[in-house]
file data-v3.pdb (PDB, C-alpha atoms, pLDDT in the B column)
ATOM      1  CA  MET F   8      21.019 -96.968 -36.629  1.00 83.00           C
ATOM      2  CA  ARG F   9      21.884 -98.039 -33.112  1.00 89.00           C
ATOM      3  CA  ARG F  10      20.758-101.468 -32.030  1.00 95.00           C
ATOM      4  CA  THR F  11      18.981-102.222 -28.768  1.00 96.00           C
ATOM      5  CA  PRO F  12      22.078-103.396 -26.855  1.00 96.00           C
ATOM      6  CA  GLU F  13      23.857-100.195 -27.868  1.00 97.00           C
ATOM      7  CA  ARG F  14      20.928 -98.076 -26.675  1.00 98.00           C
ATOM      8  CA  LEU F  15      20.902 -99.915 -23.355  1.00 98.00           C
ATOM      9  CA  GLN F  16      24.636 -99.327 -23.002  1.00 98.00           C
ATOM     10  CA  ASP F  17      24.097 -95.635 -23.837  1.00 98.00           C
ATOM     11  CA  ILE F  18      21.706 -95.433 -20.881  1.00 98.00           C
ATOM     12  CA  LEU F  19      24.165 -97.133 -18.550  1.00 98.00           C
ATOM     13  CA  ASP F  20      27.001 -94.891 -19.729  1.00 98.00           C
ATOM     14  CA  ALA F  21      24.881 -91.780 -19.163  1.00 98.00           C
ATOM     15  CA  ILE F  22      23.912 -92.921 -15.657  1.00 98.00           C
ATOM     16  CA  GLU F  23      27.567 -93.555 -14.823  1.00 98.00           C
ATOM     17  CA  ALA F  24      28.506 -90.130 -16.210  1.00 98.00           C
ATOM     18  CA  ILE F  25      25.903 -88.487 -13.971  1.00 98.00           C
ATOM     19  CA  GLN F  26      27.066 -90.452 -10.943  1.00 98.00           C
ATOM     20  CA  ARG F  27      30.673 -89.322 -11.476  1.00 96.00           C
ATOM     21  CA  TYR F  28      29.647 -85.770 -10.623  1.00 95.00           C
ATOM     22  CA  THR F  29      26.642 -86.137  -8.326  1.00 96.00           C
ATOM     23  CA  HIS F  30      28.825 -87.997  -5.838  1.00 95.00           C
ATOM     24  CA  GLN F  31      30.334 -84.565  -5.082  1.00 96.00           C
ATOM     25  CA  GLY F  32      27.079 -83.739  -3.318  1.00 97.00           C
ATOM     26  CA  LYS F  33      24.097 -81.488  -3.678  1.00 97.00           C
ATOM     27  CA  SER F  34      26.034 -78.342  -2.821  1.00 97.00           C
ATOM     28  CA  ALA F  35      28.409 -78.897  -5.746  1.00 97.00           C
ATOM     29  CA  PHE F  36      25.430 -79.529  -8.016  1.00 97.00           C
ATOM     30  CA  GLU F  37      23.683 -76.354  -6.872  1.00 96.00           C
ATOM     31  CA  ASN F  38      26.785 -74.173  -7.134  1.00 97.00           C
ATOM     32  CA  GLN F  39      28.464 -75.459 -10.283  1.00 96.00           C
ATOM     33  CA  GLU F  40      26.644 -74.711 -13.499  1.00 95.00           C
ATOM     34  CA  LEU F  41      28.828 -77.152 -15.437  1.00 96.00           C
ATOM     35  CA  ILE F  42      27.703 -80.037 -13.226  1.00 97.00           C
ATOM     36  CA  GLN F  43      24.066 -79.047 -13.730  1.00 96.00           C
ATOM     37  CA  VAL F  44      24.493 -78.898 -17.502  1.00 96.00           C
ATOM     38  CA  TRP F  45      26.376 -82.231 -17.441  1.00 97.00           C
ATOM     39  CA  VAL F  46      23.524 -83.897 -15.560  1.00 98.00           C
ATOM     40  CA  LEU F  47      20.837 -82.383 -17.796  1.00 97.00           C
ATOM     41  CA  HIS F  48      22.681 -83.446 -20.937  1.00 97.00           C
ATOM     42  CA  HIS F  49      22.998 -87.032 -19.797  1.00 98.00           C
ATOM     43  CA  LEU F  50      19.383 -87.183 -18.609  1.00 98.00           C
ATOM     44  CA  ALA F  51      18.381 -86.116 -22.124  1.00 98.00           C
ATOM     45  CA  ILE F  52      20.526 -88.923 -23.558  1.00 98.00           C
ATOM     46  CA  ILE F  53      18.759 -91.403 -21.283  1.00 98.00           C
ATOM     47  CA  GLY F  54      15.340 -90.181 -22.420  1.00 98.00           C
ATOM     48  CA  GLU F  55      16.325 -90.304 -26.075  1.00 98.00           C
ATOM     49  CA  ALA F  56      17.711 -93.833 -25.731  1.00 98.00           C
ATOM     50  CA  VAL F  57      14.624 -95.068 -23.862  1.00 98.00           C
ATOM     51  CA  ASN F  58      12.413 -93.544 -26.545  1.00 98.00           C
ATOM     52  CA  ALA F  59      14.295 -95.552 -29.192  1.00 97.00           C
ATOM     53  CA  LEU F  60      13.939 -98.898 -27.376  1.00 97.00           C
ATOM     54  CA  PRO F  61      11.419-101.391 -28.755  1.00 96.00           C
ATOM     55  CA  ALA F  62       8.001-101.166 -27.104  1.00 97.00           C
ATOM     56  CA  GLU F  63       7.972-104.921 -26.472  1.00 96.00           C
ATOM     57  CA  LEU F  64      11.140-104.575 -24.406  1.00 96.00           C
ATOM     58  CA  LEU F  65       9.693-101.756 -22.303  1.00 97.00           C
ATOM     59  CA  GLU F  66       6.461-103.695 -21.801  1.00 97.00           C
ATOM     60  CA  LYS F  67       8.455-106.383 -19.985  1.00 95.00           C
ATOM     61  CA  LYS F  68       9.158-103.868 -17.210  1.00 96.00           C
ATOM     62  CA  PRO F  69       5.824-102.051 -16.702  1.00 96.00           C
ATOM     63  CA  GLU F  70       6.872-100.956 -13.212  1.00 95.00           C
ATOM     64  CA  MET F  71       9.370 -98.539 -14.746  1.00 97.00           C
ATOM     65  CA  PRO F  72       8.139 -95.011 -15.559  1.00 97.00           C
ATOM     66  CA  TRP F  73       9.158 -95.137 -19.226  1.00 98.00           C
ATOM     67  CA  ALA F  74       6.757 -92.393 -20.297  1.00 97.00           C
ATOM     68  CA  GLN F  75       8.080 -90.096 -17.567  1.00 97.00           C
ATOM     69  CA  ILE F  76      11.677 -90.747 -18.611  1.00 98.00           C
ATOM     70  CA  ILE F  77      10.839 -89.831 -22.196  1.00 97.00           C
ATOM     71  CA  GLY F  78       8.760 -86.879 -20.990  1.00 96.00           C
ATOM     72  CA  LEU F  79      11.701 -85.575 -18.973  1.00 97.00           C
ATOM     73  CA  ARG F  80      13.839 -85.624 -22.101  1.00 96.00           C
ATOM     74  CA  ASN F  81      11.192 -83.618 -23.929  1.00 95.00           C
ATOM     75  CA  ARG F  82      10.974 -81.096 -21.112  1.00 95.00           C
ATOM     76  CA  LEU F  83      14.758 -80.734 -20.932  1.00 95.00           C
ATOM     77  CA  ILE F  84      14.937 -80.046 -24.662  1.00 93.00           C
ATOM     78  CA  HIS F  85      11.764 -78.049 -25.286  1.00 94.00           C
ATOM     79  CA  GLU F  86      10.801 -76.523 -21.929  1.00 91.00           C
ATOM     80  CA  TYR F  87      14.236 -75.918 -20.430  1.00 84.00           C
ATOM     81  CA  PHE F  88      12.967 -72.750 -18.729  1.00 86.00           C
ATOM     82  CA  ARG F  89      10.685 -74.881 -16.520  1.00 89.00           C
ATOM     83  CA  ILE F  90      13.419 -77.122 -15.115  1.00 92.00           C
ATOM     84  CA  ASP F  91      13.476 -77.357 -11.325  1.00 94.00           C
ATOM     85  CA  PRO F  92      16.988 -78.143 -10.040  1.00 95.00           C
ATOM     86  CA  GLU F  93      15.524 -79.824  -6.933  1.00 96.00           C
ATOM     87  CA  ILE F  94      13.615 -82.300  -9.083  1.00 96.00           C
ATOM     88  CA  ILE F  95      16.654 -82.913 -11.277  1.00 97.00           C
ATOM     89  CA  TRP F  96      18.778 -83.624  -8.198  1.00 98.00           C
ATOM     90  CA  SER F  97      16.139 -86.061  -6.900  1.00 97.00           C
ATOM     91  CA  ILE F  98      15.979 -87.854 -10.244  1.00 98.00           C
ATOM     92  CA  ALA F  99      19.759 -88.066 -10.491  1.00 98.00           C
ATOM     93  CA  THR F 100      20.275 -89.395  -6.975  1.00 97.00           C
ATOM     94  CA  GLU F 101      17.117 -91.399  -6.252  1.00 97.00           C
ATOM     95  CA  ASP F 102      15.615 -92.528  -9.554  1.00 97.00           C
ATOM     96  CA  LEU F 103      18.700 -93.441 -11.560  1.00 98.00           C
ATOM     97  CA  PRO F 104      20.041 -96.269  -9.357  1.00 97.00           C
ATOM     98  CA  PRO F 105      16.896 -98.428  -9.816  1.00 97.00           C
ATOM     99  CA  LEU F 106      16.896 -97.631 -13.547  1.00 98.00           C
ATOM    100  CA  GLN F 107      20.540 -98.676 -13.719  1.00 98.00           C
ATOM    101  CA  ILE F 108      19.672-102.066 -12.219  1.00 98.00           C
ATOM    102  CA  VAL F 109      16.795-102.663 -14.642  1.00 98.00           C
ATOM    103  CA  ILE F 110      18.781-101.597 -17.702  1.00 98.00           C
ATOM    104  CA  SER F 111      21.771-103.724 -16.647  1.00 98.00           C
ATOM    105  CA  ARG F 112      19.514-106.769 -16.356  1.00 96.00           C
ATOM    106  CA  MET F 113      17.918-106.059 -19.729  1.00 96.00           C
ATOM    107  CA  LEU F 114      21.340-105.852 -21.331  1.00 96.00           C
ATOM    108  CA  VAL F 115      22.462-109.135 -19.769  1.00 95.00           C
ATOM    109  CA  GLU F 116      19.257-110.846 -20.943  1.00 92.00           C
ATOM    110  CA  ILE F 117      19.671-109.545 -24.491  1.00 91.00           C
ATOM    111  CA  ASP F 118      23.378-110.422 -24.578  1.00 80.00           C
ATOM    112  CA  SER F 119      22.649-113.958 -23.399  1.00 81.00           C
ATOM    113  CA  ARG F 120      20.049-114.415 -26.156  1.00 78.00           C
ATOM    114  CA  LEU F 121      22.471-113.114 -28.784  1.00 69.00           C
ATOM    115  CA  SER F 122      25.273-115.428 -27.670  1.00 62.00           C
TER     116      SER F 122
END
call {"tool": "encode", "arguments": {"input": "data-v3.pdb", "output": "structure tokens"}}
result
Amino acid sequence: MRRTPERLQDILDAIEAIQRYTHQGKSAFENQELIQVWVLHHLAIIGEAVNALPAELLEKKPEMPWAQIIGLRNRLIHEYFRIDPEIIWSIATEDLPPLQIVISRMLVEIDSRLS
């Protein structure tokens, strides 16, 4: 079973993986199926990792849309036919940077308590 710091690092790794390809721009995202699948896969990883984090950790950051992140994962896996590429692009380019900051801070806080 993965521990909380590992889950947090999974989220950061998935965000960085998404950013490696979204920096090519929206046109590349729209025209390259592999980039779309790459982004969707890593968004699902983020949702799965968030879902496995302890509730008390998530409660420390109530401003974050944790339920929506988990809900996106569920939609990507179970309702893939309802995925809107425009919304996915917006999430990947606008919503992930603030999440990256919050998760990075959480990881630093946990690491400092474990040291």
call {"tool": "residues_around", "arguments": {"input": "data-v3.pdb", "residues": "Gly78 (chain F)", "least_positions_apart": "2", "cutoff": "12 Å", "atoms": "only C-alpha atoms", "output": "NGL selection string"}}
result
:F and (50-51 or 53-55 or 57-58 or 72-76 or 80-86)
call {"tool": "write_last_selection", "arguments": {"input": "data-v3.pdb", "atoms": "C-alpha atoms", "output": "JSON list (two decimals), keeping the file's coordinate frame"}}
result
[["chain", "number", "residue", "atom", "x", "y", "z"],
["F", 50, "LEU", "CA", 19.38, -87.18, -18.61],
["F", 51, "ALA", "CA", 18.38, -86.12, -22.12],
["F", 53, "ILE", "CA", 18.76, -91.40, -21.28],
["F", 54, "GLY", "CA", 15.34, -90.18, -22.42],
["F", 55, "GLU", "CA", 16.32, -90.30, -26.08],
["F", 57, "VAL", "CA", 14.62, -95.07, -23.86],
["F", 58, "ASN", "CA", 12.41, -93.54, -26.54],
["F", 72, "PRO", "CA", 8.14, -95.01, -15.56],
["F", 73, "TRP", "CA", 9.16, -95.14, -19.23],
["F", 74, "ALA", "CA", 6.76, -92.39, -20.30],
["F", 75, "GLN", "CA", 8.08, -90.10, -17.57],
["F", 76, "ILE", "CA", 11.68, -90.75, -18.61],
["F", 80, "ARG", "CA", 13.84, -85.62, -22.10],
["F", 81, "ASN", "CA", 11.19, -83.62, -23.93],
["F", 82, "ARG", "CA", 10.97, -81.10, -21.11],
["F", 83, "LEU", "CA", 14.76, -80.73, -20.93],
["F", 84, "ILE", "CA", 14.94, -80.05, -24.66],
["F", 85, "HIS", "CA", 11.76, -78.05, -25.29],
["F", 86, "GLU", "CA", 10.80, -76.52, -21.93]]
call {"tool": "atom_distance", "arguments": {"input": "data-v3.pdb", "atom1": "CA of Leu15 (chain F)", "atom2": "CA of Glu40 (chain F)"}}
result
27.7 Å
call {"tool": "resolve_selection", "arguments": {"input": "data-v3.pdb", "expression": "the PyMOL selection byres ((chain F and resi 100) around 12)", "output": "ChimeraX atom specification"}}
result
/F:22-23,25-33,36,46,50,93-99,101-107
call {"tool": "resolve_selection", "arguments": {"input": "data-v3.pdb", "expression": "the PyMOL selection byres ((chain F and resi 8) around 12)", "output": "PyMOL selection string"}}
result
chain F and resi 9-14+56+59-60
call {"tool": "atom_distance", "arguments": {"input": "data-v3.pdb", "atom1": "CA of Leu19 (chain F)", "atom2": "CA of Phe88 (chain F)"}}
result
26.8 Å
call {"tool": "atom_distance", "arguments": {"input": "data-v3.pdb", "atom1": "CA of Ile90 (chain F)", "atom2": "CA of Glu37 (chain F)"}}
result
13.2 Å
call {"tool": "axis_aligned_box", "arguments": {"input": "data-v3.pdb", "around": "region 96-101 of chain F", "padding_each_side": "3 Å", "output": "AutoDock Vina command-line options"}}
result
--center_x 18.1 --center_y -87.5 --center_z -8.4 --size_x 10.3 --size_y 13.8 --size_z 10.2
call {"tool": "closest_residue", "arguments": {"input": "data-v3.pdb", "among": "F:Ala24, F:Met71, F:Leu114, F:Ile18", "to": "Val44 (chain F)", "atoms": "all atoms listed in the file"}}
result
F:Ala24
call {"tool": "residues_around", "arguments": {"input": "data-v3.pdb", "residues": "Leu64 (chain F)", "least_positions_apart": "3", "cutoff": "10 Å", "atoms": "all atoms listed in the file", "output": "mmCIF file with C-alpha atoms, in the coordinates of the input"}}
result
data_model
loop_
_atom_site.group_PDB
_atom_site.id
_atom_site.type_symbol
_atom_site.label_atom_id
_atom_site.label_comp_id
_atom_site.auth_asym_id
_atom_site.auth_seq_id
_atom_site.Cartn_x
_atom_site.Cartn_y
_atom_site.Cartn_z
ATOM 1 C CA THR F 11 18.981 -102.222 -28.768
ATOM 2 C CA LEU F 60 13.939 -98.898 -27.376
ATOM 3 C CA PRO F 61 11.419 -101.391 -28.755
ATOM 4 C CA LYS F 67 8.455 -106.383 -19.985
ATOM 5 C CA LYS F 68 9.158 -103.868 -17.210
ATOM 6 C CA PRO F 69 5.824 -102.051 -16.702
ATOM 7 C CA MET F 113 17.918 -106.059 -19.729
ATOM 8 C CA ILE F 117 19.671 -109.545 -24.491
#
call {"tool": "closest_residue", "arguments": {"input": "data-v3.pdb", "among": "F:Ser34, F:Gln39, F:Gln16, F:Ser111", "to": "Ile52 (chain F)", "atoms": "only C-alpha atoms"}}
result
F:Gln16
call {"tool": "closest_residue", "arguments": {"input": "data-v3.pdb", "among": "F:Asp91, F:Glu116, F:Glu66, F:Asp20", "to": "Leu47 (chain F)", "atoms": "all atoms listed in the file"}}
result
F:Asp91
